[in-house]
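Structure file coords_39.pdb (PDB, C-alpha atoms) follows.
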```pdb
ATOM      1  CA  MET A   1      25.444 -24.554-107.617
ATOM      2  CA  MET A   2      21.919 -24.756-108.947
ATOM      3  CA  ALA A   3      21.207 -23.264-112.375
ATOM      4  CA  GLY A   4      18.943 -20.225-112.708
ATOM      5  CA  ALA A   5      16.107 -22.412-113.941
ATOM      6  CA  GLU A   6      16.172 -24.417-110.707
ATOM      7  CA  LYS A   7      15.784 -21.284-108.596
ATOM      8  CA  PHE A   8      12.743 -20.322-110.636
ATOM      9  CA  VAL A   9      11.176 -23.688-109.892
ATOM     10  CA  GLU A  10      11.998 -23.279-106.216
ATOM     11  CA  ALA A  11      10.533 -19.873-105.446
ATOM     12  CA  ASP A  12       7.368 -19.624-107.533
ATOM     13  CA  ASN A  13       6.340 -23.164-108.226
ATOM     14  CA  ALA A  14       7.032 -24.665-104.804
ATOM     15  CA  GLU A  15       3.850 -23.206-103.372
ATOM     16  CA  ALA A  16       1.890 -24.126-106.477
ATOM     17  CA  ILE A  17       3.227 -27.666-106.346
ATOM     18  CA  ILE A  18       2.362 -28.056-102.680
ATOM     19  CA  THR A  19      -1.183 -26.847-103.331
ATOM     20  CA  ARG A  20      -1.442 -29.328-106.174
ATOM     21  CA  ILE A  21      -0.218 -32.113-103.908
ATOM     22  CA  GLU A  22      -2.767 -31.250-101.222
ATOM     23  CA  HIS A  23      -5.479 -31.294-103.870
ATOM     24  CA  LYS A  24      -4.197 -34.697-104.968
ATOM     25  CA  SER A  25      -4.235 -36.030-101.375
ATOM     26  CA  ARG A  26      -7.895 -35.163-101.000
ATOM     27  CA  LYS A  27      -8.636 -37.016-104.240
ATOM     28  CA  ILE A  28      -6.610 -39.992-102.982
ATOM     29  CA  GLU A  29      -8.516 -40.063 -99.690
ATOM     30  CA  SER A  30     -11.836 -40.137-101.514
ATOM     31  CA  LEU A  31     -10.626 -42.914-103.850
ATOM     32  CA  LEU A  32      -9.486 -44.959-100.858
ATOM     33  CA  LYS A  33     -12.870 -44.540 -99.209
ATOM     34  CA  GLN A  34     -14.441 -45.908-102.383
ATOM     35  CA  ASN A  35     -12.132 -48.922-102.021
ATOM     36  CA  LYS A  36     -10.076 -48.240-105.137
ATOM     37  CA  PRO A  37      -6.469 -48.471-103.922
ATOM     38  CA  VAL A  38      -4.952 -48.945-107.396
ATOM     39  CA  GLU A  39      -6.573 -45.747-108.713
ATOM     40  CA  ALA A  40      -5.342 -43.941-105.626
ATOM     41  CA  LEU A  41      -1.793 -45.145-106.267
ATOM     42  CA  LYS A  42      -1.975 -44.054-109.909
ATOM     43  CA  THR A  43      -3.132 -40.575-108.867
ATOM     44  CA  ALA A  44      -0.354 -40.354-106.324
ATOM     45  CA  LEU A  45       2.348 -41.379-108.796
ATOM     46  CA  GLU A  46       1.056 -39.247-111.660
ATOM     47  CA  GLY A  47       1.813 -35.724-110.700
ATOM     48  CA  SER A  48       5.164 -36.544-109.070
ATOM     49  CA  PRO A  49       7.201 -33.350-109.215
ATOM     50  CA  PRO A  50      10.490 -34.596-110.643
ATOM     51  CA  MET A  51      12.345 -31.364-111.340
ATOM     52  CA  THR A  52      12.091 -29.690-107.970
ATOM     53  CA  ARG A  53      14.876 -29.744-105.407
ATOM     54  CA  ASP A  54      12.511 -28.557-102.694
ATOM     55  CA  GLU A  55      12.424 -31.076 -99.861
ATOM     56  CA  ARG A  56       8.943 -30.055 -98.771
ATOM     57  CA  CYS A  57       7.401 -30.914-102.142
ATOM     58  CA  LYS A  58       9.147 -34.265-102.161
ATOM     59  CA  SER A  59       8.057 -35.039 -98.579
ATOM     60  CA  ALA A  60       4.496 -33.950 -99.256
ATOM     61  CA  ASN A  61       4.318 -36.157-102.320
ATOM     62  CA  TRP A  62       5.922 -39.056-100.436
ATOM     63  CA  ILE A  63       3.271 -38.840 -97.723
ATOM     64  CA  ALA A  64       0.540 -39.096-100.370
ATOM     65  CA  VAL A  65       2.208 -42.050-102.105
ATOM     66  CA  HIS A  66       2.809 -43.747 -98.752
ATOM     67  CA  ARG A  67      -0.859 -43.479 -97.865
ATOM     68  CA  ALA A  68      -1.843 -45.113-101.153
ATOM     69  CA  LEU A  69       0.847 -47.820-100.886
ATOM     70  CA  MET A  70      -0.155 -48.932 -97.386
ATOM     71  CA  ALA A  71      -3.778 -49.301 -98.480
ATOM     72  CA  ILE A  72      -2.918 -51.875-101.118
ATOM     73  CA  LYS A  73      -3.727 -55.426-100.039
ATOM     74  CA  ASP A  74      -3.650 -57.352-103.317
ATOM     75  CA  VAL A  75      -0.242 -56.830-104.927
ATOM     76  CA  GLU A  76      -0.781 -59.122-107.950
ATOM     77  CA  GLY A  77      -4.061 -57.440-108.792
ATOM     78  CA  MET A  78      -2.448 -54.047-108.548
ATOM     79  CA  PHE A  79       0.167 -54.919-111.159
ATOM     80  CA  SER A  80      -2.384 -56.224-113.602
ATOM     81  CA  SER A  81      -4.034 -52.793-113.689
ATOM     82  CA  LEU A  82      -0.973 -50.537-113.320
ATOM     83  CA  ASP A  83       0.582 -49.210-116.554
ATOM     84  CA  PRO A  84       4.289 -49.912-117.160
ATOM     85  CA  GLU A  85       5.075 -46.193-117.372
ATOM     86  CA  TYR A  86       4.575 -45.981-113.608
ATOM     87  CA  TYR A  87       7.030 -48.769-112.784
ATOM     88  CA  ASP A  88      10.149 -46.594-112.621
ATOM     89  CA  ILE A  89       8.668 -43.938-110.392
ATOM     90  CA  LEU A  90       7.106 -46.610-108.179
ATOM     91  CA  MET A  91      10.521 -48.247-107.741
ATOM     92  CA  LYS A  92      12.015 -44.931-106.585
ATOM     93  CA  TYR A  93       9.265 -44.525-104.016
ATOM     94  CA  LEU A  94       9.722 -48.122-102.858
ATOM     95  CA  TYR A  95      13.368 -47.426-102.075
ATOM     96  CA  ARG A  96      12.354 -44.313-100.210
ATOM     97  CA  GLY A  97       9.903 -46.413 -98.216
ATOM     98  CA  LEU A  98      12.558 -49.026 -97.476
ATOM     99  CA  SER A  99      14.886 -46.376 -96.101
ATOM    100  CA  THR A 100      12.357 -45.239 -93.490
ATOM    101  CA  GLY A 101      12.883 -48.278 -91.267
ATOM    102  CA  ASP A 102       9.280 -48.368 -90.100
ATOM    103  CA  ARG A 103       8.264 -52.042 -89.888
ATOM    104  CA  PRO A 104       4.831 -52.067 -91.618
ATOM    105  CA  THR A 105       6.077 -49.730 -94.371
ATOM    106  CA  CYS A 106       9.133 -51.907 -94.952
ATOM    107  CA  ASP A 107       7.090 -55.119 -95.023
ATOM    108  CA  GLN A 108       4.723 -53.659 -97.612
ATOM    109  CA  CYS A 109       7.547 -52.193 -99.686
ATOM    110  CA  LEU A 110       9.496 -55.462 -99.657
ATOM    111  CA  ARG A 111       6.434 -57.344-100.865
ATOM    112  CA  ILE A 112       5.776 -54.915-103.698
ATOM    113  CA  HIS A 113       9.494 -54.723-104.575
ATOM    114  CA  GLU A 114       9.729 -58.457-105.213
ATOM    115  CA  LYS A 115       6.730 -58.467-107.541
ATOM    116  CA  LEU A 116       7.798 -55.279-109.288
ATOM    117  CA  THR A 117      11.258 -56.707-109.996
ATOM    118  CA  GLU A 118       9.665 -59.817-111.493
ATOM    119  CA  ARG A 119       7.538 -57.607-113.751
ATOM    120  CA  ALA A 120       9.870 -54.803-114.656
ATOM    121  CA  GLY A 121      13.251 -56.510-114.411
ATOM    122  CA  LEU A 122      16.613 -55.334-113.147
ATOM    123  CA  GLY A 123      16.614 -52.354-115.515
ATOM    124  CA  CYS A 124      13.980 -50.699-113.360
ATOM    125  CA  ILE A 125      16.209 -50.994-110.286
ATOM    126  CA  LEU A 126      19.221 -49.698-112.171
ATOM    127  CA  ARG A 127      17.289 -46.697-113.481
ATOM    128  CA  SER A 128      16.258 -45.751-109.951
ATOM    129  CA  LEU A 129      19.895 -46.069-108.798
ATOM    130  CA  ALA A 130      21.385 -44.170-111.708
ATOM    131  CA  ASP A 131      18.943 -41.265-111.866
ATOM    132  CA  THR A 132      20.633 -38.647-109.718
ATOM    133  CA  VAL A 133      18.678 -35.766-111.303
ATOM    134  CA  ASN A 134      15.067 -36.785-110.665
ATOM    135  CA  THR A 135      15.098 -38.083-107.117
ATOM    136  CA  VAL A 136      12.022 -38.556-104.946
TER     137      VAL A 136
ATOM    138  CA  MET B   1       8.926 -65.172 -89.430
ATOM    139  CA  ALA B   2      11.077 -66.695 -92.162
ATOM    140  CA  ASN B   3       9.003 -65.146 -94.913
ATOM    141  CA  PRO B   4       9.863 -61.484 -94.197
ATOM    142  CA  LEU B   5      13.506 -62.560 -94.004
ATOM    143  CA  LYS B   6      13.238 -64.209 -97.415
ATOM    144  CA  LEU B   7      11.661 -61.063 -98.909
ATOM    145  CA  TYR B   8      14.417 -58.923 -97.396
ATOM    146  CA  LEU B   9      17.132 -61.172 -98.842
ATOM    147  CA  THR B  10      15.407 -61.296-102.243
ATOM    148  CA  CYS B  11      15.250 -57.500-102.330
ATOM    149  CA  ILE B  12      18.945 -57.248-101.470
ATOM    150  CA  ARG B  13      19.858 -59.897-104.036
ATOM    151  CA  ASN B  14      17.930 -58.090-106.813
ATOM    152  CA  THR B  15      19.420 -54.732-105.901
ATOM    153  CA  LEU B  16      22.932 -56.207-105.865
ATOM    154  CA  GLU B  17      22.428 -57.869-109.236
ATOM    155  CA  ALA B  18      21.433 -54.530-110.689
ATOM    156  CA  ALA B  19      24.084 -52.505-108.870
ATOM    157  CA  MET B  20      27.062 -54.786-109.487
ATOM    158  CA  CYS B  21      28.003 -53.395-112.892
ATOM    159  CA  LEU B  22      31.595 -52.402-112.334
ATOM    160  CA  GLN B  23      34.326 -51.520-114.796
ATOM    161  CA  ASN B  24      37.904 -50.428-114.493
ATOM    162  CA  PHE B  25      38.280 -46.669-114.059
ATOM    163  CA  PRO B  26      41.693 -45.134-113.356
ATOM    164  CA  CYS B  27      41.739 -42.190-110.992
ATOM    165  CA  GLN B  28      40.863 -38.866-112.666
ATOM    166  CA  GLU B  29      42.862 -36.657-110.323
ATOM    167  CA  VAL B  30      46.135 -38.500-109.931
ATOM    168  CA  GLU B  31      47.945 -40.255-112.758
ATOM    169  CA  ARG B  32      48.612 -43.959-112.622
ATOM    170  CA  HIS B  33      46.418 -44.362-109.557
ATOM    171  CA  ASN B  34      43.406 -46.620-109.446
ATOM    172  CA  LYS B  35      41.188 -46.106-106.405
ATOM    173  CA  PRO B  36      37.754 -47.428-105.433
ATOM    174  CA  GLU B  37      35.595 -44.377-106.114
ATOM    175  CA  VAL B  38      32.906 -45.350-103.622
ATOM    176  CA  GLU B  39      35.369 -44.886-100.759
ATOM    177  CA  LEU B  40      36.662 -41.491-101.824
ATOM    178  CA  LYS B  41      33.472 -39.897-103.184
ATOM    179  CA  THR B  42      35.431 -37.098-104.865
ATOM    180  CA  SER B  43      33.496 -36.931-108.163
ATOM    181  CA  PRO B  44      29.685 -36.979-108.009
ATOM    182  CA  GLU B  45      29.365 -38.081-111.635
ATOM    183  CA  LEU B  46      30.952 -41.421-110.783
ATOM    184  CA  LEU B  47      28.542 -42.258-107.971
ATOM    185  CA  LEU B  48      25.059 -43.736-108.090
ATOM    186  CA  ASN B  49      22.308 -43.097-105.539
ATOM    187  CA  PRO B  50      22.970 -44.983-102.301
ATOM    188  CA  VAL B  51      20.149 -47.287-101.338
ATOM    189  CA  LEU B  52      19.100 -48.143 -97.786
ATOM    190  CA  ILE B  53      17.026 -51.305 -97.347
ATOM    191  CA  CYS B  54      15.575 -51.714 -93.860
ATOM    192  CA  ARG B  55      13.855 -54.838 -92.678
ATOM    193  CA  ASN B  56      12.739 -53.214 -89.433
ATOM    194  CA  GLU B  57      14.114 -50.668 -86.980
ATOM    195  CA  ALA B  58      17.084 -52.855 -86.024
ATOM    196  CA  GLU B  59      18.265 -54.469 -89.276
ATOM    197  CA  LYS B  60      19.321 -52.563 -92.362
ATOM    198  CA  CYS B  61      21.591 -52.760 -95.363
ATOM    199  CA  LEU B  62      23.229 -49.812 -97.133
ATOM    200  CA  ILE B  63      24.339 -50.360-100.728
ATOM    201  CA  GLU B  64      26.502 -47.661-102.287
ATOM    202  CA  THR B  65      27.701 -48.044-105.874
ATOM    203  CA  SER B  66      30.153 -46.219-108.041
ATOM    204  CA  ILE B  67      31.731 -46.859-111.416
ATOM    205  CA  ASN B  68      34.434 -49.229-110.215
ATOM    206  CA  SER B  69      33.369 -50.309-106.750
ATOM    207  CA  LEU B  70      30.437 -51.256-104.572
ATOM    208  CA  ARG B  71      30.161 -50.997-100.803
ATOM    209  CA  ILE B  72      27.638 -53.003 -98.796
ATOM    210  CA  SER B  73      27.202 -52.229 -95.084
ATOM    211  CA  LEU B  74      25.096 -54.407 -92.824
ATOM    212  CA  LYS B  75      23.580 -53.882 -89.435
ATOM    213  CA  VAL B  76      22.595 -57.217 -87.867
ATOM    214  CA  LYS B  77      19.747 -57.831 -85.462
ATOM    215  CA  GLN B  78      20.759 -57.468 -81.819
ATOM    216  CA  ALA B  79      17.877 -58.241 -79.502
ATOM    217  CA  ASP B  80      19.560 -57.888 -76.104
ATOM    218  CA  GLU B  81      22.860 -56.972 -74.465
ATOM    219  CA  LEU B  82      24.317 -60.469 -74.808
ATOM    220  CA  GLU B  83      23.626 -60.581 -78.551
ATOM    221  CA  ASN B  84      25.098 -57.108 -78.813
ATOM    222  CA  ILE B  85      28.414 -58.215 -77.304
ATOM    223  CA  LEU B  86      28.490 -61.511 -79.218
ATOM    224  CA  ALA B  87      27.779 -59.810 -82.541
ATOM    225  CA  LYS B  88      30.434 -57.183 -81.937
ATOM    226  CA  LYS B  89      33.112 -59.717 -80.999
ATOM    227  CA  PHE B  90      32.246 -62.161 -83.760
ATOM    228  CA  LEU B  91      32.161 -59.541 -86.514
ATOM    229  CA  ARG B  92      35.370 -57.951 -85.249
ATOM    230  CA  PHE B  93      36.985 -61.391 -85.423
ATOM    231  CA  LEU B  94      35.915 -61.687 -89.057
ATOM    232  CA  SER B  95      36.913 -58.150 -89.995
ATOM    233  CA  MET B  96      40.418 -58.693 -88.589
ATOM    234  CA  ARG B  97      40.816 -61.568 -91.038
ATOM    235  CA  ALA B  98      39.544 -59.508 -93.980
ATOM    236  CA  GLU B  99      42.553 -60.489 -96.141
ATOM    237  CA  ALA B 100      41.299 -64.056 -96.317
ATOM    238  CA  PHE B 101      37.821 -62.967 -97.404
ATOM    239  CA  GLN B 102      39.106 -60.514-100.045
ATOM    240  CA  VAL B 103      35.790 -58.661-100.323
ATOM    241  CA  LEU B 104      35.502 -57.792 -96.628
ATOM    242  CA  ARG B 105      36.352 -54.328 -95.379
ATOM    243  CA  ARG B 106      38.608 -54.088 -92.318
ATOM    244  CA  LYS B 107      36.479 -51.494 -90.584
ATOM    245  CA  PRO B 108      32.709 -51.284 -90.840
ATOM    246  CA  VAL B 109      31.188 -48.035 -92.025
ATOM    247  CA  GLN B 110      30.071 -45.692 -89.232
ATOM    248  CA  GLY B 111      26.706 -46.836 -87.875
ATOM    249  CA  TYR B 112      26.916 -50.402 -89.199
ATOM    250  CA  ASP B 113      28.335 -53.704 -87.983
ATOM    251  CA  ILE B 114      30.192 -55.013 -91.015
ATOM    252  CA  SER B 115      31.038 -53.795 -94.504
ATOM    253  CA  PHE B 116      32.027 -55.334 -97.823
ATOM    254  CA  LEU B 117      33.962 -53.578-100.565
ATOM    255  CA  ILE B 118      33.702 -55.175-104.009
ATOM    256  CA  THR B 119      35.865 -53.722-106.770
ATOM    257  CA  ASN B 120      35.987 -54.350-110.511
ATOM    258  CA  TYR B 121      39.045 -56.564-109.974
ATOM    259  CA  HIS B 122      36.966 -58.894-107.802
ATOM    260  CA  CYS B 123      34.310 -59.034-110.509
ATOM    261  CA  GLU B 124      36.941 -59.910-113.085
ATOM    262  CA  GLU B 125      38.460 -62.707-111.035
ATOM    263  CA  MET B 126      35.286 -64.101-109.532
ATOM    264  CA  GLN B 127      31.803 -64.684-110.870
ATOM    265  CA  LYS B 128      29.270 -61.962-110.117
ATOM    266  CA  GLN B 129      26.516 -64.450-109.261
ATOM    267  CA  LYS B 130      28.770 -66.280-106.824
ATOM    268  CA  LEU B 131      29.731 -63.008-105.138
ATOM    269  CA  ILE B 132      26.077 -62.134-104.639
ATOM    270  CA  ASP B 133      25.340 -65.656-103.370
ATOM    271  CA  PHE B 134      28.200 -65.274-100.925
ATOM    272  CA  ILE B 135      26.878 -62.028 -99.497
ATOM    273  CA  VAL B 136      23.311 -63.295 -99.129
ATOM    274  CA  GLN B 137      24.524 -66.577 -97.608
ATOM    275  CA  PHE B 138      26.706 -64.575 -95.226
ATOM    276  CA  MET B 139      23.678 -62.626 -94.017
ATOM    277  CA  GLU B 140      21.721 -65.814 -93.363
ATOM    278  CA  ASP B 141      24.622 -67.492 -91.601
ATOM    279  CA  ILE B 142      25.379 -64.528 -89.336
ATOM    280  CA  ASP B 143      21.958 -64.775 -87.718
ATOM    281  CA  LYS B 144      22.330 -68.517 -87.205
ATOM    282  CA  GLU B 145      25.849 -68.195 -85.819
ATOM    283  CA  ILE B 146      24.895 -65.555 -83.305
ATOM    284  CA  SER B 147      21.907 -67.547 -82.040
ATOM    285  CA  GLU B 148      24.141 -70.623 -81.723
ATOM    286  CA  LEU B 149      26.763 -68.636 -79.830
ATOM    287  CA  LYS B 150      24.112 -67.232 -77.523
ATOM    288  CA  MET B 151      22.728 -70.689 -76.829
ATOM    289  CA  SER B 152      26.154 -72.124 -76.080
ATOM    290  CA  VAL B 153      26.947 -69.224 -73.739
ATOM    291  CA  SER B 154      23.709 -69.741 -71.780
ATOM    292  CA  THR B 155      24.244 -73.526 -71.639
ATOM    293  CA  ARG B 156      27.783 -73.129 -70.367
ATOM    294  CA  GLY B 157      26.642 -70.527 -67.855
ATOM    295  CA  ARG B 158      23.968 -72.885 -66.569
ATOM    296  CA  LEU B 159      26.380 -75.824 -66.271
ATOM    297  CA  VAL B 160      29.015 -73.782 -64.503
ATOM    298  CA  ALA B 161      26.468 -72.301 -62.109
ATOM    299  CA  SER B 162      24.958 -75.680 -61.221
ATOM    300  CA  GLU B 163      28.402 -77.221 -60.663
ATOM    301  CA  PHE B 164      29.429 -74.300 -58.484
ATOM    302  CA  LEU B 165      26.249 -74.278 -56.422
ATOM    303  CA  LYS B 166      26.421 -78.071 -55.827
ATOM    304  CA  GLN B 167      29.005 -77.483 -53.153
ATOM    305  CA  PHE B 168      26.461 -75.540 -51.141
ATOM    306  CA  LEU B 169      23.816 -78.286 -51.197
TER     307      LEU B 169
END
```
Serialized structure, structure tokens:
Amino acid sequence: MMAGAEKFVEADNAEAIITRIEHKSRKIESLLKQNKPVEALKTALEGSPPMTRDERCKSANWIAVHRALMAIKDVEGMFSSLDPEYYDILMKYLYRGLSTGDRPTCDQCLRIHEKLTERAGLGCILRSLADTVNTV
Amino acid sequence: MANPLKLYLTCIRNTLEAAMCLQNFPCQEVERHNKPEVELKTSPELLLNPVLICRNEAEKCLIETSINSLRISLKVKQADELENILAKKFLRFLSMRAEAFQVLRRKPVQGYDISFLITNYHCEEMQKQKLIDFIVQFMEDIDKEISELKMSVSTRGRLVASEFLKQFL
């Protein structure tokens, strides 16, 4: 059963989190229009709500991240400007993308996965497998 | 077309290298029993997140890990009815002889065509890298085998039909 703290996050913050995510999506859209896909991805990954169990928050955030991921054309360039602290959360989202089964999403995710593993190593993959608390 | 396949196999290889960290773990509930935890799924603290890697709508690979065992389930590409039947028969043939393969599971997991179960004992006896090479090689060979089977079936069908219809010429 969920602890009391979890319920608190659920009821009150779920709405707040979803509003924050919508706000973030608008910012991402404007960044994409200005042709800055890496900035858009950073914005999408930043406010990821890790401690909520609410499926809607996770789905809403996934949609935002997905939008930013599909806009990326130059994978090497992206990694040169992305900070290492984002690698773990990006790996979790890549696995979520790979589980969708949608061909263009999977192609993009496979491409980024290969480069991310080269950069971040197997530890990154293992952290995304082992983290059962903060799932995306 | 080969390039997306290579990316897919690389992704699976990297995930397997990270996930294949198995150690001996005797059963917590029953004394003197040692069971593959990934099959039973009784204790959530012994299981890692399952990972589903899809290449497209038809092909996917499910990797489930636990503390002492790892289960890999594959769904192979089946373009038409003939490939469907060939794949089913061929993989059933292999699964029946699972004893010889050691890491093969006799029945595939629901929704998939073939499954592997790797336990800590396999990792102790055999090299981890070689196990991963085996699985990735298996995936490549399956596709080739099924296309070869399909081609031989169509060739035989054509020969038989032409021989049969000669009598009506």
Name the residues, using the chain letters and numbers of the file, that sit within 8 Å of (22.9, -59.5, -106.3) when counting only C-alpha atoms, and give them as a PyMOL selection string. chain B and resi 12-20+128-129+131-133
Convert the current residue selection to file output with C-alpha atoms, as an mmCIF file, in the frame of the given file.
```
data_model
loop_
_atom_site.group_PDB
_atom_site.id
_atom_site.type_symbol
_atom_site.label_atom_id
_atom_site.label_comp_id
_atom_site.auth_asym_id
_atom_site.auth_seq_id
_atom_site.Cartn_x
_atom_site.Cartn_y
_atom_site.Cartn_z
ATOM 1 C CA ILE B 12 18.945 -57.248 -101.470
ATOM 2 C CA ARG B 13 19.858 -59.897 -104.036
ATOM 3 C CA ASN B 14 17.930 -58.090 -106.813
ATOM 4 C CA THR B 15 19.420 -54.732 -105.901
ATOM 5 C CA LEU B 16 22.932 -56.207 -105.865
ATOM 6 C CA GLU B 17 22.428 -57.869 -109.236
ATOM 7 C CA ALA B 18 21.433 -54.530 -110.689
ATOM 8 C CA ALA B 19 24.084 -52.505 -108.870
ATOM 9 C CA MET B 20 27.062 -54.786 -109.487
ATOM 10 C CA LYS B 128 29.270 -61.962 -110.117
ATOM 11 C CA GLN B 129 26.516 -64.450 -109.261
ATOM 12 C CA LEU B 131 29.731 -63.008 -105.138
ATOM 13 C CA ILE B 132 26.077 -62.134 -104.639
ATOM 14 C CA ASP B 133 25.340 -65.656 -103.370
#
```
Within 10 Å of (25.4, -46.8, -90.3) in the file's own coordinates, which protein, DNA or RNA residues have an atom, counting only C-alpha atoms? List them as number ranges by chain. B: 52, 60-62, 73-75, 108-115
Prev. selection, C-alpha atoms, output as a PDB file, in the frame of the given file:
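As written to disk, selection-v8.pdb reads:
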```pdb
ATOM      1  CA  LEU B  52      19.100 -48.143 -97.786  1.00  0.00           C
ATOM      2  CA  LYS B  60      19.321 -52.563 -92.362  1.00  0.00           C
ATOM      3  CA  CYS B  61      21.591 -52.760 -95.363  1.00  0.00           C
ATOM      4  CA  LEU B  62      23.229 -49.812 -97.133  1.00  0.00           C
ATOM      5  CA  SER B  73      27.202 -52.229 -95.084  1.00  0.00           C
ATOM      6  CA  LEU B  74      25.096 -54.407 -92.824  1.00  0.00           C
ATOM      7  CA  LYS B  75      23.580 -53.882 -89.435  1.00  0.00           C
ATOM      8  CA  PRO B 108      32.709 -51.284 -90.840  1.00  0.00           C
ATOM      9  CA  VAL B 109      31.188 -48.035 -92.025  1.00  0.00           C
ATOM     10  CA  GLN B 110      30.071 -45.692 -89.232  1.00  0.00           C
ATOM     11  CA  GLY B 111      26.706 -46.836 -87.875  1.00  0.00           C
ATOM     12  CA  TYR B 112      26.916 -50.402 -89.199  1.00  0.00           C
ATOM     13  CA  ASP B 113      28.335 -53.704 -87.983  1.00  0.00           C
ATOM     14  CA  ILE B 114      30.192 -55.013 -91.015  1.00  0.00           C
ATOM     15  CA  SER B 115      31.038 -53.795 -94.504  1.00  0.00           C
TER      16      SER B 115
END
```
Expand the PyMOL selection byres ((chain B and resi 68) around 8) into the individual residues it matches in the shown file, reporting them as a ChimeraX atom specification. /B:22-25,36-38,66-67,69-70,119-120
Give one line per residue of chain B that approaches chain A to at most 9 Å, naming the two atoms of the closest pair and their distance in Å to one decimal, counting all atoms listed in the file; sort by chain then ascending residue number and deliver it as a Markdown table.
```
| residue | atom | partner | partner_atom | distance |
| --- | --- | --- | --- | --- |
| B:Pro4 | CA | A:Asp107 | CA | 7.0 |
| B:Leu7 | CA | A:Leu110 | CA | 6.1 |
| B:Tyr8 | CA | A:Leu110 | CA | 6.4 |
| B:Thr10 | CA | A:Glu114 | CA | 7.0 |
| B:Cys11 | CA | A:Glu114 | CA | 6.3 |
| B:Asn14 | CA | A:Leu122 | CA | 7.0 |
| B:Thr15 | CA | A:Ile125 | CA | 6.6 |
| B:Glu17 | CA | A:Leu122 | CA | 7.5 |
| B:Ala18 | CA | A:Leu122 | CA | 5.5 |
| B:Ala19 | CA | A:Leu126 | CA | 6.5 |
| B:Glu45 | CA | A:Thr132 | CA | 9.0 |
| B:Leu47 | CA | A:Ala130 | CA | 8.3 |
| B:Leu48 | CA | A:Ala130 | CA | 5.2 |
| B:Asn49 | CA | A:Leu129 | CA | 5.0 |
| B:Pro50 | CA | A:Leu129 | CA | 7.3 |
| B:Val51 | CA | A:Tyr95 | CA | 6.8 |
| B:Leu52 | CA | A:Ser99 | CA | 4.9 |
| B:Ile53 | CA | A:Leu98 | CA | 5.0 |
| B:Cys54 | CA | A:Gly101 | CA | 5.1 |
| B:Arg55 | CA | A:Cys106 | CA | 6.0 |
| B:Asn56 | CA | A:Arg103 | CA | 4.6 |
| B:Glu57 | CA | A:Gly101 | CA | 5.1 |
| B:Ala58 | CA | A:Gly101 | CA | 8.1 |
| B:Glu59 | CA | A:Gly101 | CA | 8.4 |
| B:Lys60 | CA | A:Gly101 | CA | 7.8 |
| B:Thr65 | CA | A:Leu129 | CA | 8.6 |
```
Check which residues satisfy the PyMOL selection byres ((chain A and resi 20-28) around 9) in the file shown, then give them as a PyMOL selection string. chain A and resi 15-19+29-33+37+39-41+43-44+47-48+57+60-61+63-65+67-68
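Reported to one decimal place, the separation of atom CA of Glu83 of chain B from atom CA of Phe134 of chain B is 23.3 Å.
Going from atom CA of Leu116 of chain A over to atom CA of Leu9 of chain B, you cover 15.2 Å.
Relative to atom CA of Lys115 of chain A, atom CA of Val75 of chain A is found at 7.6 Å.
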